[in-house]
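Dumped final21.cif below, it's mmCIF, C-alpha atoms, pLDDT in the B column; chains and numbers go by the auth columns:
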data_target
#
loop_
_atom_site.group_PDB
_atom_site.id
_atom_site.type_symbol
_atom_site.label_atom_id
_atom_site.label_comp_id
_atom_site.label_asym_id
_atom_site.label_seq_id
_atom_site.Cartn_x
_atom_site.Cartn_y
_atom_site.Cartn_z
_atom_site.B_iso_or_equiv
_atom_site.auth_seq_id
_atom_site.auth_asym_id
ATOM 1 C CA MET A 1 0.000 0.000 0.000 76.00 1 A
ATOM 2 C CA ASP A 2 1.349 3.436 -0.964 80.00 2 A
ATOM 3 C CA HIS A 3 0.210 6.861 0.272 75.00 3 A
ATOM 4 C CA GLU A 4 -2.176 7.377 -2.641 80.00 4 A
ATOM 5 C CA ASP A 5 -3.903 4.050 -1.882 81.00 5 A
ATOM 6 C CA ALA A 6 -4.109 4.917 1.825 76.00 6 A
ATOM 7 C CA THR A 7 -5.719 8.294 1.080 78.00 7 A
ATOM 8 C CA ARG A 8 -8.111 6.931 -1.547 79.00 8 A
ATOM 9 C CA THR A 9 -9.384 4.086 0.664 80.00 9 A
ATOM 10 C CA GLN A 10 -9.578 6.187 3.880 79.00 10 A
ATOM 11 C CA ALA A 11 -7.215 3.624 5.397 78.00 11 A
ATOM 12 C CA CYS A 12 -6.351 5.723 8.473 75.00 12 A
ATOM 13 C CA THR A 13 -10.009 6.316 9.399 77.00 13 A
ATOM 14 C CA ARG A 14 -10.959 2.679 8.804 77.00 14 A
ATOM 15 C CA TYR A 15 -7.938 1.531 10.789 79.00 15 A
ATOM 16 C CA LEU A 16 -9.039 3.632 13.779 73.00 16 A
ATOM 17 C CA MET A 17 -12.618 2.318 13.450 75.00 17 A
ATOM 18 C CA GLY A 18 -11.417 -1.293 13.161 78.00 18 A
ATOM 19 C CA SER A 19 -13.061 -1.882 9.773 78.00 19 A
ATOM 20 C CA LEU A 20 -9.971 -3.023 7.804 80.00 20 A
ATOM 21 C CA SER A 21 -9.485 -6.667 6.936 85.00 21 A
ATOM 22 C CA ALA A 22 -6.466 -8.519 8.310 85.00 22 A
ATOM 23 C CA ASP A 23 -4.606 -8.134 5.000 85.00 23 A
ATOM 24 C CA GLU A 24 -5.457 -4.428 4.844 85.00 24 A
ATOM 25 C CA VAL A 25 -4.277 -3.929 8.432 81.00 25 A
ATOM 26 C CA ALA A 26 -0.956 -5.552 7.662 83.00 26 A
ATOM 27 C CA ALA A 27 -0.503 -3.506 4.471 84.00 27 A
ATOM 28 C CA PHE A 28 -1.437 -0.221 6.169 77.00 28 A
ATOM 29 C CA GLU A 29 0.788 -0.829 9.193 80.00 29 A
ATOM 30 C CA GLU A 30 3.706 -1.568 6.888 79.00 30 A
ATOM 31 C CA HIS A 31 2.965 1.685 5.009 76.00 31 A
ATOM 32 C CA TYR A 32 2.491 4.162 7.866 68.00 32 A
ATOM 33 C CA PHE A 33 5.794 3.218 9.505 74.00 33 A
ATOM 34 C CA THR A 34 7.472 4.792 6.461 77.00 34 A
ATOM 35 C CA CYS A 35 4.916 7.582 5.788 81.00 35 A
ATOM 36 C CA PRO A 36 5.175 10.640 8.083 77.00 36 A
ATOM 37 C CA GLU A 37 1.817 12.031 6.906 80.00 37 A
ATOM 38 C CA CYS A 38 -0.154 8.851 7.667 76.00 38 A
ATOM 39 C CA ALA A 39 1.708 8.342 10.941 74.00 39 A
ATOM 40 C CA GLU A 40 0.888 11.900 12.084 76.00 40 A
ATOM 41 C CA GLU A 41 -2.743 11.565 10.986 77.00 41 A
ATOM 42 C CA LEU A 42 -3.081 8.254 12.801 70.00 42 A
ATOM 43 C CA LYS A 43 -1.477 9.664 15.949 74.00 43 A
ATOM 44 C CA ALA A 44 -3.801 12.713 15.961 71.00 44 A
ATOM 45 C CA GLY A 45 -6.902 10.587 15.442 68.00 45 A
ATOM 46 C CA SER A 46 -5.869 8.106 18.131 68.00 46 A
ATOM 47 C CA VAL A 47 -5.156 10.827 20.711 64.00 47 A
ATOM 48 C CA PHE A 48 -8.451 12.569 19.952 61.00 48 A
ATOM 49 C CA GLY A 49 -10.348 9.295 20.254 60.00 49 A
ATOM 50 C CA GLU A 50 -8.776 8.507 23.618 66.00 50 A
ATOM 51 C CA ASP A 51 -9.653 11.976 24.927 59.00 51 A
ATOM 52 C CA VAL A 52 -13.274 11.744 23.789 55.00 52 A
ATOM 53 C CA ARG A 53 -13.694 8.244 25.193 63.00 53 A
ATOM 54 C CA ALA A 54 -12.250 9.378 28.519 63.00 54 A
ATOM 55 C CA VAL A 55 -14.696 12.280 28.742 56.00 55 A
ATOM 56 C CA PHE A 56 -17.731 10.181 27.944 56.00 56 A
ATOM 57 C CA HIS A 57 -16.569 7.380 30.236 61.00 57 A
ATOM 58 C CA GLU A 58 -16.452 9.910 33.064 65.00 58 A
ATOM 59 C CA GLN A 59 -19.958 11.110 32.217 59.00 59 A
ATOM 60 C CA ALA A 60 -21.233 7.545 32.024 58.00 60 A
ATOM 61 C CA GLN A 61 -19.816 6.813 35.461 64.00 61 A
ATOM 62 C CA ARG A 62 -21.689 9.814 36.830 62.00 62 A
ATOM 63 C CA LEU A 63 -24.961 8.491 35.405 58.00 63 A
ATOM 64 C CA LEU A 64 -24.491 5.030 36.912 56.00 64 A
ATOM 65 C CA PRO A 65 -25.674 4.560 40.509 55.00 65 A
ATOM 66 C CA ALA A 66 -22.811 4.959 42.922 53.00 66 A
ATOM 67 C CA SER A 67 -21.799 1.965 45.027 52.00 67 A
ATOM 68 C CA PRO A 68 -23.450 2.441 48.418 51.00 68 A
ATOM 69 C CA ALA A 69 -21.416 2.755 51.524 50.00 69 A
ATOM 70 C CA VAL A 70 -21.955 0.316 54.361 50.00 70 A
ATOM 71 C CA LEU A 71 -25.665 0.836 54.902 51.00 71 A
ATOM 72 C CA PRO A 72 -28.470 -1.373 56.119 56.00 72 A
ATOM 73 C CA GLN A 73 -29.737 -3.639 53.345 56.00 73 A
ATOM 74 C CA THR A 74 -33.140 -2.268 52.406 57.00 74 A
ATOM 75 C CA ALA A 75 -35.277 -2.864 49.354 57.00 75 A
ATOM 76 C CA PRO A 76 -34.870 -0.025 46.816 60.00 76 A
ATOM 77 C CA GLY A 77 -37.822 2.289 46.373 62.00 77 A
ATOM 78 C CA TRP A 78 -39.567 2.950 43.081 58.00 78 A
ATOM 79 C CA PHE A 79 -37.403 5.997 42.328 58.00 79 A
ATOM 80 C CA GLU A 80 -34.179 4.059 42.862 63.00 80 A
ATOM 81 C CA ARG A 81 -35.435 1.175 40.705 60.00 81 A
ATOM 82 C CA ALA A 82 -36.343 3.629 37.917 57.00 82 A
ATOM 83 C CA ARG A 83 -32.932 5.297 38.212 59.00 83 A
ATOM 84 C CA MET A 84 -31.134 1.979 37.928 58.00 84 A
ATOM 85 C CA THR A 85 -33.348 0.950 35.000 63.00 85 A
ATOM 86 C CA PHE A 86 -32.601 4.045 32.907 56.00 86 A
ATOM 87 C CA ALA A 87 -29.022 4.876 33.977 56.00 87 A
ATOM 88 C CA LEU A 88 -27.262 2.109 32.052 56.00 88 A
ATOM 89 C CA PRO A 89 -29.141 2.678 28.744 63.00 89 A
ATOM 90 C CA MET A 90 -28.366 6.389 29.032 64.00 90 A
ATOM 91 C CA ALA A 91 -24.692 5.639 29.569 62.00 91 A
ATOM 92 C CA VAL A 92 -24.656 3.289 26.566 62.00 92 A
ATOM 93 C CA ALA A 93 -26.404 5.928 24.457 64.00 93 A
ATOM 94 C CA ALA A 94 -23.823 8.535 25.512 66.00 94 A
ATOM 95 C CA VAL A 95 -20.969 6.257 24.455 67.00 95 A
ATOM 96 C CA ALA A 96 -22.732 5.588 21.123 65.00 96 A
ATOM 97 C CA VAL A 97 -23.103 9.327 20.512 69.00 97 A
ATOM 98 C CA CYS A 98 -19.407 9.728 21.324 67.00 98 A
ATOM 99 C CA ALA A 99 -18.499 7.102 18.744 66.00 99 A
ATOM 100 C CA LEU A 100 -20.659 8.800 16.095 69.00 100 A
ATOM 101 C CA ILE A 101 -19.105 12.207 16.842 76.00 101 A
ATOM 102 C CA LEU A 102 -15.611 10.739 16.652 67.00 102 A
ATOM 103 C CA PHE A 103 -16.406 9.007 13.371 63.00 103 A
ATOM 104 C CA GLY A 104 -17.878 12.217 11.921 66.00 104 A
ATOM 105 C CA LEU A 105 -14.876 14.307 12.964 64.00 105 A
ATOM 106 C CA VAL A 106 -12.421 11.791 11.537 60.00 106 A
ATOM 107 C CA ILE A 107 -14.367 11.741 8.248 64.00 107 A
ATOM 108 C CA TYR A 108 -14.479 15.559 8.197 59.00 108 A
ATOM 109 C CA GLN A 109 -10.751 15.724 8.924 58.00 109 A
ATOM 110 C CA ASN A 110 -9.956 13.383 6.045 60.00 110 A
ATOM 111 C CA ALA A 111 -12.507 14.802 3.600 58.00 111 A
ATOM 112 C CA VAL A 112 -12.186 18.545 4.265 56.00 112 A
ATOM 113 C CA SER A 113 -9.554 19.751 6.719 53.00 113 A
ATOM 114 C CA ILE A 114 -6.506 17.730 5.645 57.00 114 A
ATOM 115 C CA PRO A 115 -7.156 18.053 1.851 58.00 115 A
ATOM 116 C CA GLY A 116 -7.661 21.806 2.357 55.00 116 A
ATOM 117 C CA LEU A 117 -4.362 22.150 4.199 51.00 117 A
ATOM 118 C CA ARG A 118 -2.591 20.039 1.596 56.00 118 A
ATOM 119 C CA SER A 119 -4.035 22.217 -1.163 54.00 119 A
ATOM 120 C CA GLU A 120 -2.823 25.376 0.590 52.00 120 A
ATOM 121 C CA VAL A 121 0.640 23.904 1.119 49.00 121 A
ATOM 122 C CA ALA A 122 0.708 22.867 -2.533 51.00 122 A
ATOM 123 C CA GLU A 123 -0.169 26.419 -3.587 50.00 123 A
ATOM 124 C CA LEU A 124 2.627 27.846 -1.466 47.00 124 A
ATOM 125 C CA SER A 125 5.126 25.225 -2.643 50.00 125 A
ATOM 126 C CA ALA A 126 4.337 25.450 -6.349 47.00 126 A
ATOM 127 C CA PRO A 127 6.711 27.536 -8.458 47.00 127 A
ATOM 128 C CA GLN A 128 5.025 30.847 -9.232 53.00 128 A
ATOM 129 C CA SER A 129 5.821 34.460 -10.012 66.00 129 A
ATOM 130 C CA LEU A 130 4.567 36.808 -7.293 78.00 130 A
ATOM 131 C CA ALA A 131 3.349 40.357 -7.738 86.00 131 A
ATOM 132 C CA TRP A 132 5.528 42.663 -5.594 90.00 132 A
ATOM 133 C CA VAL A 133 3.597 45.779 -4.649 91.00 133 A
ATOM 134 C CA PRO A 134 5.243 48.747 -2.871 91.00 134 A
ATOM 135 C CA LEU A 135 3.339 50.431 -0.038 90.00 135 A
ATOM 136 C CA LYS A 136 3.300 54.225 0.091 84.00 136 A
ATOM 137 C CA ILE A 137 3.418 56.446 3.156 81.00 137 A
ATOM 138 C CA ALA A 138 0.968 58.950 1.643 66.00 138 A
ATOM 139 C CA ARG A 139 -1.838 58.708 -0.884 61.00 139 A
ATOM 140 C CA GLY A 140 -1.437 60.074 -4.363 57.00 140 A
ATOM 141 C CA SER A 141 -0.567 57.160 -6.616 64.00 141 A
ATOM 142 C CA GLY A 142 -3.255 55.396 -8.609 77.00 142 A
ATOM 143 C CA PRO A 143 -4.822 52.055 -7.687 86.00 143 A
ATOM 144 C CA VAL A 144 -2.799 48.874 -8.109 87.00 144 A
ATOM 145 C CA ALA A 145 -4.154 45.938 -10.106 86.00 145 A
ATOM 146 C CA LEU A 146 -3.305 42.576 -8.572 85.00 146 A
ATOM 147 C CA PRO A 147 -3.044 39.643 -11.013 81.00 147 A
ATOM 148 C CA LYS A 148 -6.190 37.553 -10.501 77.00 148 A
ATOM 149 C CA ASP A 149 -4.485 34.355 -11.706 80.00 149 A
ATOM 150 C CA HIS A 150 -1.944 34.443 -8.838 81.00 150 A
ATOM 151 C CA PRO A 151 -3.211 33.215 -5.438 87.00 151 A
ATOM 152 C CA PHE A 152 -0.626 35.248 -3.491 89.00 152 A
ATOM 153 C CA TRP A 153 1.095 38.638 -3.663 89.00 153 A
ATOM 154 C CA VAL A 154 3.789 40.465 -1.704 92.00 154 A
ATOM 155 C CA ALA A 155 3.509 43.923 -0.128 93.00 155 A
ATOM 156 C CA TYR A 156 6.892 45.508 0.614 94.00 156 A
ATOM 157 C CA PHE A 157 7.908 48.696 2.404 93.00 157 A
ATOM 158 C CA ASN A 158 10.884 50.331 4.105 92.00 158 A
ATOM 159 C CA LEU A 159 10.647 50.763 7.871 91.00 159 A
ATOM 160 C CA PRO A 160 12.349 53.530 9.859 88.00 160 A
ATOM 161 C CA ALA A 161 15.760 52.556 11.184 86.00 161 A
ATOM 162 C CA THR A 162 14.525 53.073 14.741 85.00 162 A
ATOM 163 C CA VAL A 163 12.023 50.210 14.604 87.00 163 A
ATOM 164 C CA LYS A 164 12.623 47.486 17.189 89.00 164 A
ATOM 165 C CA PHE A 165 11.656 43.894 16.509 90.00 165 A
ATOM 166 C CA PRO A 166 9.557 41.878 16.739 89.00 166 A
ATOM 167 C CA ALA A 167 7.110 44.418 15.316 92.00 167 A
ATOM 168 C CA SER A 168 3.582 43.886 14.071 93.00 168 A
ATOM 169 C CA CYS A 169 1.491 45.221 11.201 94.00 169 A
ATOM 170 C CA ASP A 170 -2.271 45.803 11.449 95.00 170 A
ATOM 171 C CA ILE A 171 -4.033 45.707 8.083 96.00 171 A
ATOM 172 C CA GLU A 172 -7.230 47.786 8.050 96.00 172 A
ATOM 173 C CA SER A 173 -9.948 48.492 5.514 93.00 173 A
ATOM 174 C CA SER A 174 -10.899 52.026 4.472 88.00 174 A
ATOM 175 C CA ARG A 175 -13.534 52.003 7.236 90.00 175 A
ATOM 176 C CA GLY A 176 -10.948 51.287 9.911 90.00 176 A
ATOM 177 C CA THR A 177 -11.923 47.624 10.362 93.00 177 A
ATOM 178 C CA ARG A 178 -8.922 45.514 11.324 93.00 178 A
ATOM 179 C CA LEU A 179 -8.669 42.639 8.852 94.00 179 A
ATOM 180 C CA LYS A 180 -5.588 40.888 10.217 93.00 180 A
ATOM 181 C CA THR A 181 -2.395 41.396 12.219 93.00 181 A
ATOM 182 C CA VAL A 182 0.927 40.054 10.933 93.00 182 A
ATOM 183 C CA THR A 183 4.134 39.686 12.975 92.00 183 A
ATOM 184 C CA LEU A 184 7.213 41.312 11.424 92.00 184 A
ATOM 185 C CA GLY A 185 10.744 40.118 11.943 90.00 185 A
ATOM 186 C CA PRO A 186 13.873 42.041 10.952 92.00 186 A
ATOM 187 C CA PRO A 187 14.424 42.005 7.165 90.00 187 A
ATOM 188 C CA ALA A 188 17.644 40.904 5.543 89.00 188 A
ATOM 189 C CA LEU A 189 20.385 43.530 5.460 87.00 189 A
ATOM 190 C CA GLY A 190 19.610 46.143 2.804 86.00 190 A
ATOM 191 C CA GLN A 191 16.224 44.609 1.985 90.00 191 A
ATOM 192 C CA PRO A 192 12.708 46.013 2.652 92.00 192 A
ATOM 193 C CA SER A 193 10.201 44.380 4.957 92.00 193 A
ATOM 194 C CA SER A 194 7.629 42.272 3.134 92.00 194 A
ATOM 195 C CA LEU A 195 4.325 40.505 3.734 92.00 195 A
ATOM 196 C CA LEU A 196 3.107 37.447 1.809 91.00 196 A
ATOM 197 C CA LEU A 197 -0.675 37.875 1.430 92.00 197 A
ATOM 198 C CA ARG A 198 -3.504 35.877 -0.129 90.00 198 A
ATOM 199 C CA ARG A 199 -5.094 37.497 -3.200 89.00 199 A
ATOM 200 C CA SER A 200 -8.650 36.472 -2.285 89.00 200 A
ATOM 201 C CA ASP A 201 -8.429 38.360 1.041 91.00 201 A
ATOM 202 C CA PHE A 202 -8.063 41.726 -0.709 92.00 202 A
ATOM 203 C CA PRO A 203 -10.909 42.787 -3.007 91.00 203 A
ATOM 204 C CA ALA A 204 -10.809 46.177 -4.684 91.00 204 A
ATOM 205 C CA GLY A 205 -10.632 49.038 -2.184 92.00 205 A
ATOM 206 C CA ALA A 206 -8.346 51.136 0.020 92.00 206 A
ATOM 207 C CA TYR A 207 -6.232 49.611 2.791 95.00 207 A
ATOM 208 C CA LYS A 208 -3.992 50.872 5.580 94.00 208 A
ATOM 209 C CA PHE A 209 -0.951 49.070 6.959 95.00 209 A
ATOM 210 C CA LYS A 210 -0.089 50.277 10.490 93.00 210 A
ATOM 211 C CA VAL A 211 3.208 49.120 11.994 94.00 211 A
ATOM 212 C CA HIS A 212 3.622 48.876 15.782 92.00 212 A
ATOM 213 C CA GLY A 213 6.701 48.150 17.875 89.00 213 A
ATOM 214 C CA PRO A 214 6.999 45.336 20.446 87.00 214 A
ATOM 215 C CA THR A 215 4.976 47.250 23.061 82.00 215 A
ATOM 216 C CA GLN A 216 2.056 48.181 20.757 75.00 216 A
ATOM 217 C CA ASP A 217 2.024 51.651 22.358 78.00 217 A
ATOM 218 C CA SER A 218 1.879 53.712 19.169 85.00 218 A
ATOM 219 C CA VAL A 219 1.957 53.521 15.382 90.00 219 A
ATOM 220 C CA ILE A 220 5.557 53.694 14.147 89.00 220 A
ATOM 221 C CA ALA A 221 4.738 53.867 10.454 91.00 221 A
ATOM 222 C CA GLU A 222 1.586 53.893 8.356 92.00 222 A
ATOM 223 C CA TYR A 223 1.280 52.938 4.678 93.00 223 A
ATOM 224 C CA THR A 224 -1.629 53.021 2.234 92.00 224 A
ATOM 225 C CA LEU A 225 -2.588 50.946 -0.769 92.00 225 A
ATOM 226 C CA ASP A 226 -5.453 51.271 -3.251 92.00 226 A
ATOM 227 C CA ILE A 227 -6.337 48.049 -5.045 91.00 227 A
ATOM 228 C CA GLY A 228 -8.210 48.507 -8.291 88.00 228 A
ATOM 229 C CA PRO A 229 -10.842 46.184 -9.779 85.00 229 A
ATOM 230 C CA GLU A 230 -9.695 43.091 -11.590 71.00 230 A
#
As structure tokens, the full file:
Amino acid sequence: MDHEDATRTQACTRYLMGSLSADEVAAFEEHYFTCPECAEELKAGSVFGEDVRAVFHEQAQRLLPASPAVLPQTAPGWFERARMTFALPMAVAAVAVCALILFGLVIYQNAVSIPGLRSEVAELSAPQSLAWVPLKIARGSGPVALPKDHPFWVAYFNLPATVKFPASCDIESSRGTRLKTVTLGPPALGQPSSLLLRRSDFPAGAYKFKVHGPTQDSVIAEYTLDIGPE
């Protein structure tokens, strides 16, 4: 079994749920010992399952009647008999719900979360030409057109020599709404500071980039950028 087969057959999820045949178990175990991605996915799913089972086991124990202390042996009343009758089915139902939630989360992780992360990593890793856009201290230049066929672009700017790192940059819309905050480290000697940004996060409009020092007390530098329509 290779990684493509393991992903296509949901081998990790089925392994955790115990639904693989003996031959499939042997093939998958031989594979994941040499596959960091499957090993990490299996480890995360196993740890999550143990945590969920522990929580629901604790809740089930609370629903079950506690062992009585040394008390006189008396016949249980109707309320106690009803409690004992319904406590165990409720505990079993809680464990069943736990198993369904775990199964759903594992399926979601394999079907949505992990493929989405892999797609994003693939986008970042793929060779591509990036649009480098300079940020201005004052308005006056026309709007910038970002290439719509590139998923990422780079904003670059020169910071005052007095800036202390680590700094941070707040990106705001024209209405003053903070869209995101990015941590800035010191740039390479003689190079400007730069931010790698996702194209889809910046529709046409005006934006402000406000740089703060480590203490966040005041704005050290402020830059503007007008993005034109595609």
| task | Between A:Ala131, A:Ala161, A:Cys169, A:Ile227, single out the one closest to Pro214 of chain A, counting only C-alpha atoms. | result |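 So, comparing all the options, the nearest one is A:Cys169.
Distances to Pro166 of chain A were evaluated for A:Ala206, A:Val211, A:Val133, A:Leu16 using only C-alpha atoms, and the minimum falls at A:Val211.
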| field | Result set of the PyMOL selection byres ((chain A and resi 186) around 12) on the coordinates above, as a PyMOL selection string | value | chain A and resi 158-168+183-185+187-194+213
| Written as a PyMOL selection string, what is the full residue list that the PyMOL selection byres ((chain A and resi 1) around 6) yields on the file shown? | chain A and resi 2+5+27
Residues from last step as file, C-alpha atoms, as a PDB file, keeping the file's coordinate frame:
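Final output, result_10.pdb:
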ATOM      1  CA  ASP A   2       1.349   3.436  -0.964  1.00 80.00           C
ATOM      2  CA  ASP A   5      -3.903   4.050  -1.882  1.00 81.00           C
ATOM      3  CA  ALA A  27      -0.503  -3.506   4.471  1.00 84.00           C
TER       4      ALA A  27
END
| request: May I ask for the distance between atom CA of Leu196 of chain A and atom CA of Val219 of chain A, given in Å to one decimal place? | output: 21.1 Å
| message | As an exercise, work out the distance from atom CA of Phe157 of chain A to atom CA of Glu230 of chain A in Å and give it to one decimal place. | response |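 A separation of 23.2 Å between them.
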| In Å to one decimal, how far is atom CA of Cys35 of chain A from atom CA of Tyr15 of chain A? | 15.1 Å
| field | Residues near segment 176-178 of chain A, cut-off 12 Å, all atoms listed in the file, skip fewer than 6 positions along chain, as a list in words | value |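 Listing them by chain and then by number gives Cys169, Asp170, Ala206, Tyr207, Lys208, Phe209 and Lys210 of chain A.
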| task | Choose the residue, out of A:Ser173, A:Lys136, A:Pro229, A:Asp217, that has the smallest atom-to-atom separation from Lys148 of chain A; count all atoms listed in the file. | result |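 That would be A:Pro229, the residue with the smallest distance to Lys148 of chain A.
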